[in-house]
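**Q** Input: one structure, supplied below.
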Amino acid sequence: MMKKTSISMGAAVWMLAICAAGYMAVVSCGSKKAVVKDEPAVVAQSQTTDGSVSKQEQERLLQLQHMQFVKKVADNAVYNKCITSKIDFNLKSGSKDITVSGKLQMRRDDVIRIQLNVPILGMEAGRLEFTKDYVMIVDRIHTEYIQGDYNKIDFLKNNGLDFYALQALFWNQLFLPGNPKMGDAELKNFDVTLNNGNVNSVVALHRDRMNYEWQADNKTGQIRQVDVAYTSNSHGNTKVKCTYDDFTALGVKQFPTDFTLDMNTSATKKPQQIKVNIRMRGLNTDEKWDARTTLSKKYKEVSVDDVLKKLMNL
């Protein structure tokens, strides 16, 4: 029984790795180009001779509404430096349905770490650690790991991966690929579709083969869902949907304690569909924890190719 559990947990560790890496690949493609839209010119004459509002003024007012909504969405970002929580982690892929406990630790602009535990025993089975400078994936069960900076791991480098894109995902924030910060000057890059009533409004960014859409609450501007799509004849198609639920107070802001990532991709040799749900149990803003993992000499470093072979056989 323990052997079966270990195999399942090993699968969970590596599948979580490809899920996270796949998301980063999608959200970061084409991040080197910045699309900047010119501000609409100020119309000197806002009304026509008959007193009605001119078309130019209508467009200016609509643009102003769009900018105000994007700012509302961006302003929902929490102020805290650190977020930690115990988690219930569920992964579904094909016939696999794995649920374990674990821990999420995040330090803004520094590290995102997910730890998974062996069922019943409670001991750590594996972890993913994303920092600004490197990625580490640790399989405690088989004492194996991968570590390398974003430019030295081919499947990360080839997709122009960006730590800040993954951070925005986990911190429930709006982001502009290639930009570590989201200031007022960046807000004009987004398109907006305002919807009436209780339907979410949509903030969108279209770039080359990439399409990003954030669905945000009309009243609060809180991000409820993110849809990302990448289409390529040579690298396949990937779609990622992230949904957020069960918002709770974190300081003066609201933060989602239920997060689901659903990814479908044909970028691998065998099409993959992976769904991950992370439910947080007890948000904390504790800053007293080590932000870097240190491994003993018993751990063996493996190549990305070795990991991909494992993933293809799961």
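Chain lettering (A, B, ...) mirrors the order of the structure tokens, residue numbering begins at 1 for each chain separately, and ligand numbering begins at 1 in order of display.
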Enumerate the residues of stretch 60-307 of chain A with a DSSP assignment of helix (DSSP H, G or I), computed from the backbone, and present them as number ranges by chain.

**A** A: 60-74, 154-157, 163-170, 184-189, 304-307

**Q** Just the residues within 8 Å of A:Gln222, please, counting only C-alpha atoms, with nothing from its chain fewer than 5 positions along; format it as a PyMOL selection string.

**A** chain A and resi 73+76+216-217

**Q** Any idea what's packed within 8 Å of stretch 120-130 of chain A, counting only C-alpha atoms, ignoring anything in its chain fewer than 2 positions away? Could you give it as a ChimeraX atom specification?

**A** /A:9-10,13,17,101-102,111-118,132,134-141,163,293

**Q** Do you know which residues are at most 8 Å from stretch 82-92 of chain A counting only C-alpha atoms, after dropping those on the same chain fewer than 2 positions away, and could you put them as a ChimeraX atom specification?

**A** /A:12,16,80,94-108,116,274-287

**Q** Could you go through stretch 62-281 of chain A and tell me which residues DSSP, when run on the backbone, assigns to strand (DSSP E or B), listing them as a VMD selection string?

**A** chain A and resid 82 to 93 96 to 107 111 to 117 124 to 131 135 to 139 144 to 148 191 to 193 201 to 207 210 to 216 223 to 232 236 to 250 253 to 265 272 to 281

**Q** Expressed in Å to a single decimal, how great is the separation between atom CA of A:Gly148 and atom CA of A:Asn211?

**A**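 Result for atom CA of A:Gly148 versus atom CA of A:Asn211: 28.6 Å, one decimal.
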
**Q** Identify which of the residues A:Leu295, A:Ala74, A:Met210, A:Val203 lies closest to A:Gln147, counting only C-alpha atoms when measuring atom-to-atom distances.

**A**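 Closest to A:Gln147, using only C-alpha atoms: A:Leu295.
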
**Q** Might you pull out every residue within 12 Å of A:His66, with only C-alpha atoms counted and same-chain residues fewer than 5 positions away left off, and present them as number ranges by chain?

**A** A: 59-61, 71-73, 187-195, 201-204, 218, 221

**Q** Mind writing the picked residues with N, CA, C and O atoms as a short mmCIF file (atom, residue, chain, number, x, y, z; two decimals), in the first residue's frame?

**A**
data_model
loop_
_atom_site.label_atom_id
_atom_site.label_comp_id
_atom_site.auth_asym_id
_atom_site.auth_seq_id
_atom_site.Cartn_x
_atom_site.Cartn_y
_atom_site.Cartn_z
N GLU A 59 -16.35 58.80 -27.06
CA GLU A 59 -15.24 57.86 -27.05
C GLU A 59 -14.28 58.16 -25.91
O GLU A 59 -13.74 57.26 -25.26
N ARG A 60 -14.05 59.45 -25.65
CA ARG A 60 -13.15 59.83 -24.56
C ARG A 60 -13.71 59.41 -23.21
O ARG A 60 -12.99 58.90 -22.35
N LEU A 61 -14.99 59.61 -23.02
CA LEU A 61 -15.63 59.24 -21.75
C LEU A 61 -15.62 57.72 -21.56
O LEU A 61 -15.43 57.24 -20.44
N LYS A 71 -8.03 50.27 -13.28
CA LYS A 71 -7.37 50.72 -12.06
C LYS A 71 -8.02 50.09 -10.83
O LYS A 71 -7.33 49.71 -9.87
N LYS A 72 -9.35 49.97 -10.85
CA LYS A 72 -10.05 49.33 -9.73
C LYS A 72 -9.59 47.87 -9.57
O LYS A 72 -9.36 47.40 -8.46
N VAL A 73 -9.44 47.18 -10.71
CA VAL A 73 -8.97 45.80 -10.67
C VAL A 73 -7.55 45.73 -10.12
O VAL A 73 -7.25 44.93 -9.23
N LEU A 187 -1.68 50.68 -17.31
CA LEU A 187 -3.11 50.35 -17.39
C LEU A 187 -3.68 50.54 -18.79
O LEU A 187 -4.64 49.88 -19.17
N LYS A 188 -3.09 51.44 -19.56
CA LYS A 188 -3.63 51.73 -20.89
C LYS A 188 -3.35 50.61 -21.90
O LYS A 188 -3.82 50.68 -23.04
N ASN A 189 -2.58 49.59 -21.49
CA ASN A 189 -2.30 48.47 -22.38
C ASN A 189 -3.48 47.51 -22.53
O ASN A 189 -3.49 46.67 -23.42
N PHE A 190 -4.47 47.61 -21.65
CA PHE A 190 -5.55 46.64 -21.59
C PHE A 190 -6.81 47.14 -22.28
O PHE A 190 -7.13 48.33 -22.24
N ASP A 191 -7.53 46.18 -22.89
CA ASP A 191 -8.86 46.46 -23.43
C ASP A 191 -9.90 46.06 -22.38
O ASP A 191 -9.67 45.14 -21.60
N VAL A 192 -11.04 46.73 -22.40
CA VAL A 192 -12.07 46.47 -21.40
C VAL A 192 -13.43 46.32 -22.06
O VAL A 192 -13.78 47.07 -22.98
N THR A 193 -14.18 45.32 -21.62
CA THR A 193 -15.58 45.17 -22.01
C THR A 193 -16.41 45.26 -20.74
O THR A 193 -16.38 44.37 -19.89
N LEU A 194 -17.13 46.36 -20.59
CA LEU A 194 -17.95 46.57 -19.40
C LEU A 194 -19.31 45.91 -19.58
O LEU A 194 -19.96 46.09 -20.61
N ASN A 195 -19.73 45.15 -18.59
CA ASN A 195 -21.02 44.48 -18.62
C ASN A 195 -21.89 44.98 -17.48
O ASN A 195 -21.40 45.25 -16.38
N SER A 201 -17.20 41.97 -15.69
CA SER A 201 -16.64 42.68 -16.84
C SER A 201 -15.31 42.03 -17.19
O SER A 201 -14.72 41.31 -16.38
N VAL A 202 -14.83 42.29 -18.41
CA VAL A 202 -13.64 41.60 -18.91
C VAL A 202 -12.52 42.59 -19.22
O VAL A 202 -12.74 43.59 -19.91
N VAL A 203 -11.34 42.30 -18.68
CA VAL A 203 -10.13 43.04 -19.01
C VAL A 203 -9.28 42.11 -19.87
O VAL A 203 -9.01 40.97 -19.48
N ALA A 204 -8.88 42.57 -21.05
CA ALA A 204 -8.21 41.68 -22.00
C ALA A 204 -6.90 42.26 -22.50
O ALA A 204 -6.70 43.48 -22.53
N ASN A 218 -18.03 43.35 -11.32
CA ASN A 218 -18.39 44.70 -11.75
C ASN A 218 -18.29 45.73 -10.63
O ASN A 218 -17.84 46.85 -10.84
N GLY A 221 -14.35 44.95 -8.66
CA GLY A 221 -13.16 44.84 -9.48
C GLY A 221 -12.30 43.64 -9.11
O GLY A 221 -11.19 43.47 -9.63
#

**Q** What's the separation between atom CA of A:Ala165 and atom CA of A:Gln215, in Å to one decimal place?

**A** 16.9 Å

**Q** Any idea what's packed within 9 Å of A:Asn172, counting only C-alpha atoms, ignoring anything in its chain fewer than 4 positions away? Could you give it as a list in words?

**A**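 Using only C-alpha atoms, the neighbours found are Asn76, Ala77, Val78, Gln167, Ala168, Gln222, Ile223, Arg224, Tyr244, Phe255 and Pro256 of chain A.
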
**Q** Write the residues of the selection above to a file with N, CA, C and O atoms, as a tab-separated table (two decimals), in the first residue's frame.

**A**
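Result file selection_22.tsv:
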chain	number	residue	atom	x	y	z
A	76	ASN	N	-6.91	46.14	-6.28
A	76	ASN	CA	-7.31	45.09	-5.35
A	76	ASN	C	-6.13	44.25	-4.85
A	76	ASN	O	-6.31	43.40	-3.98
A	77	ALA	N	-4.94	44.46	-5.39
A	77	ALA	CA	-3.77	43.71	-4.95
A	77	ALA	C	-3.53	43.94	-3.46
A	77	ALA	O	-3.58	45.07	-2.97
A	78	VAL	N	-3.28	42.85	-2.72
A	78	VAL	CA	-3.06	42.97	-1.28
A	78	VAL	C	-1.71	43.63	-1.01
A	78	VAL	O	-0.79	43.58	-1.83
A	167	GLN	N	3.69	34.84	-10.03
A	167	GLN	CA	3.35	35.56	-8.79
A	167	GLN	C	1.98	36.22	-8.91
A	167	GLN	O	1.16	36.15	-7.99
A	168	ALA	N	1.71	36.84	-10.05
A	168	ALA	CA	0.42	37.49	-10.25
A	168	ALA	C	-0.72	36.49	-10.17
A	168	ALA	O	-1.80	36.78	-9.65
A	222	GLN	N	-12.80	42.77	-8.22
A	222	GLN	CA	-12.02	41.60	-7.79
A	222	GLN	C	-11.95	40.57	-8.92
A	222	GLN	O	-12.95	40.24	-9.55
A	223	ILE	N	-10.74	40.07	-9.19
A	223	ILE	CA	-10.56	39.09	-10.25
A	223	ILE	C	-11.16	37.76	-9.83
A	223	ILE	O	-10.78	37.19	-8.80
A	224	ARG	N	-12.08	37.24	-10.64
A	224	ARG	CA	-12.75	35.97	-10.35
A	224	ARG	C	-12.24	34.82	-11.24
A	224	ARG	O	-12.32	33.66	-10.85
A	244	TYR	N	-11.05	31.77	-8.98
A	244	TYR	CA	-10.82	32.14	-7.59
A	244	TYR	C	-12.15	32.20	-6.85
A	244	TYR	O	-13.15	32.69	-7.38
A	255	PHE	N	-8.72	38.39	-0.22
A	255	PHE	CA	-7.83	37.43	-0.88
A	255	PHE	C	-8.55	36.10	-1.03
A	255	PHE	O	-9.22	35.63	-0.11
A	256	PRO	N	-8.42	35.45	-2.21
A	256	PRO	CA	-9.13	34.18	-2.44
A	256	PRO	C	-8.44	33.02	-1.72
A	256	PRO	O	-7.23	32.85	-1.81

**Q** Each residue of stretch 212-270 of chain A with at least one atom at most 12 Å from stretch 175-183 of chain A should appear once, together with its nearest atom pair and the corresponding distance in Å (one decimal); atoms considered: only C-alpha atoms; ordering: chain, then increasing residue number; output as a tab-separated table.

**A**
residue	atom	partner	partner_atom	distance
A:Tyr212	CA	A:Leu176	CA	9.9
A:Glu213	CA	A:Phe175	CA	11.1
A:Trp214	CA	A:Phe175	CA	10.0
A:Ile223	CA	A:Phe175	CA	11.6
A:Val226	CA	A:Phe175	CA	11.0

**Q** Kindly save the residues from that selection, with all heavy atoms included, as a PDB file, in the first residue's frame.

**A**
ATOM      1  N   TYR A 212      -5.239  36.904 -23.363  1.00  0.00           N
ATOM      2  CA  TYR A 212      -5.437  36.901 -21.917  1.00  0.00           C
ATOM      3  C   TYR A 212      -6.773  37.586 -21.619  1.00  0.00           C
ATOM      4  O   TYR A 212      -7.060  38.651 -22.164  1.00  0.00           O
ATOM      5  CB  TYR A 212      -4.353  37.701 -21.192  1.00  0.00           C
ATOM      6  CG  TYR A 212      -2.926  37.402 -21.576  1.00  0.00           C
ATOM      7  CD1 TYR A 212      -2.360  37.951 -22.724  1.00  0.00           C
ATOM      8  CD2 TYR A 212      -2.120  36.604 -20.764  1.00  0.00           C
ATOM      9  CE1 TYR A 212      -1.037  37.707 -23.072  1.00  0.00           C
ATOM     10  CE2 TYR A 212      -0.802  36.355 -21.094  1.00  0.00           C
ATOM     11  CZ  TYR A 212      -0.271  36.912 -22.251  1.00  0.00           C
ATOM     12  OH  TYR A 212       1.041  36.663 -22.577  1.00  0.00           O
ATOM     13  N   GLU A 213      -7.562  36.990 -20.740  1.00  0.00           N
ATOM     14  CA  GLU A 213      -8.820  37.619 -20.319  1.00  0.00           C
ATOM     15  C   GLU A 213      -9.014  37.435 -18.825  1.00  0.00           C
ATOM     16  O   GLU A 213      -9.018  36.316 -18.329  1.00  0.00           O
ATOM     17  CB  GLU A 213     -10.017  37.024 -21.077  1.00  0.00           C
ATOM     18  CG  GLU A 213     -10.077  37.413 -22.547  1.00  0.00           C
ATOM     19  CD  GLU A 213     -11.389  37.019 -23.205  1.00  0.00           C
ATOM     20  OE1 GLU A 213     -12.189  36.306 -22.548  1.00  0.00           O
ATOM     21  OE2 GLU A 213     -11.616  37.416 -24.358  1.00  0.00           O
ATOM     22  N   TRP A 214      -9.162  38.569 -18.124  1.00  0.00           N
ATOM     23  CA  TRP A 214      -9.452  38.546 -16.691  1.00  0.00           C
ATOM     24  C   TRP A 214     -10.918  38.921 -16.499  1.00  0.00           C
ATOM     25  O   TRP A 214     -11.354  39.979 -16.954  1.00  0.00           O
ATOM     26  CB  TRP A 214      -8.594  39.566 -15.948  1.00  0.00           C
ATOM     27  CG  TRP A 214      -7.129  39.266 -15.924  1.00  0.00           C
ATOM     28  CD1 TRP A 214      -6.431  38.643 -14.929  1.00  0.00           C
ATOM     29  CD2 TRP A 214      -6.153  39.603 -16.920  1.00  0.00           C
ATOM     30  NE1 TRP A 214      -5.095  38.570 -15.242  1.00  0.00           N
ATOM     31  CE2 TRP A 214      -4.894  39.140 -16.470  1.00  0.00           C
ATOM     32  CE3 TRP A 214      -6.219  40.235 -18.168  1.00  0.00           C
ATOM     33  CZ2 TRP A 214      -3.722  39.306 -17.200  1.00  0.00           C
ATOM     34  CZ3 TRP A 214      -5.055  40.405 -18.912  1.00  0.00           C
ATOM     35  CH2 TRP A 214      -3.825  39.940 -18.417  1.00  0.00           C
ATOM     36  N   ILE A 223     -10.742  40.071  -9.193  1.00  0.00           N
ATOM     37  CA  ILE A 223     -10.561  39.089 -10.253  1.00  0.00           C
ATOM     38  C   ILE A 223     -11.162  37.755  -9.830  1.00  0.00           C
ATOM     39  O   ILE A 223     -10.785  37.192  -8.799  1.00  0.00           O
ATOM     40  CB  ILE A 223      -9.064  38.904 -10.598  1.00  0.00           C
ATOM     41  CG1 ILE A 223      -8.483  40.215 -11.127  1.00  0.00           C
ATOM     42  CG2 ILE A 223      -8.882  37.785 -11.621  1.00  0.00           C
ATOM     43  CD1 ILE A 223      -6.977  40.186 -11.295  1.00  0.00           C
ATOM     44  N   VAL A 226      -9.309  33.928 -14.713  1.00  0.00           N
ATOM     45  CA  VAL A 226      -8.336  34.307 -15.732  1.00  0.00           C
ATOM     46  C   VAL A 226      -8.321  33.212 -16.795  1.00  0.00           C
ATOM     47  O   VAL A 226      -8.218  32.029 -16.474  1.00  0.00           O
ATOM     48  CB  VAL A 226      -6.913  34.456 -15.149  1.00  0.00           C
ATOM     49  CG1 VAL A 226      -5.952  34.928 -16.234  1.00  0.00           C
ATOM     50  CG2 VAL A 226      -6.902  35.430 -13.975  1.00  0.00           C
TER      51      VAL A 226
END

**Q** Taking into account only C-alpha atoms, which residue in the set A:Arg207, A:Asn264, A:Leu169, A:Ala229 is nearest to A:Cys242?

**A**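 Answer, going by the shortest atom-to-atom distance: A:Leu169.
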
**Q** Rounded to one decimal in Å, what is the spacing between atom CA of A:Gln272 and atom CA of A:Phe247?

**A**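 Calculated distance between atom CA of A:Gln272 and atom CA of A:Phe247 is 29.7 Å.
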
**Q** Tell me which protein, DNA and RNA residues are within 6 Å of stretch 301-303 of chain A, counting only C-alpha atoms, leaving out same-chain ones fewer than 2 positions away, and put them as a ChimeraX atom specification.

**A** /A:144-146,305-306
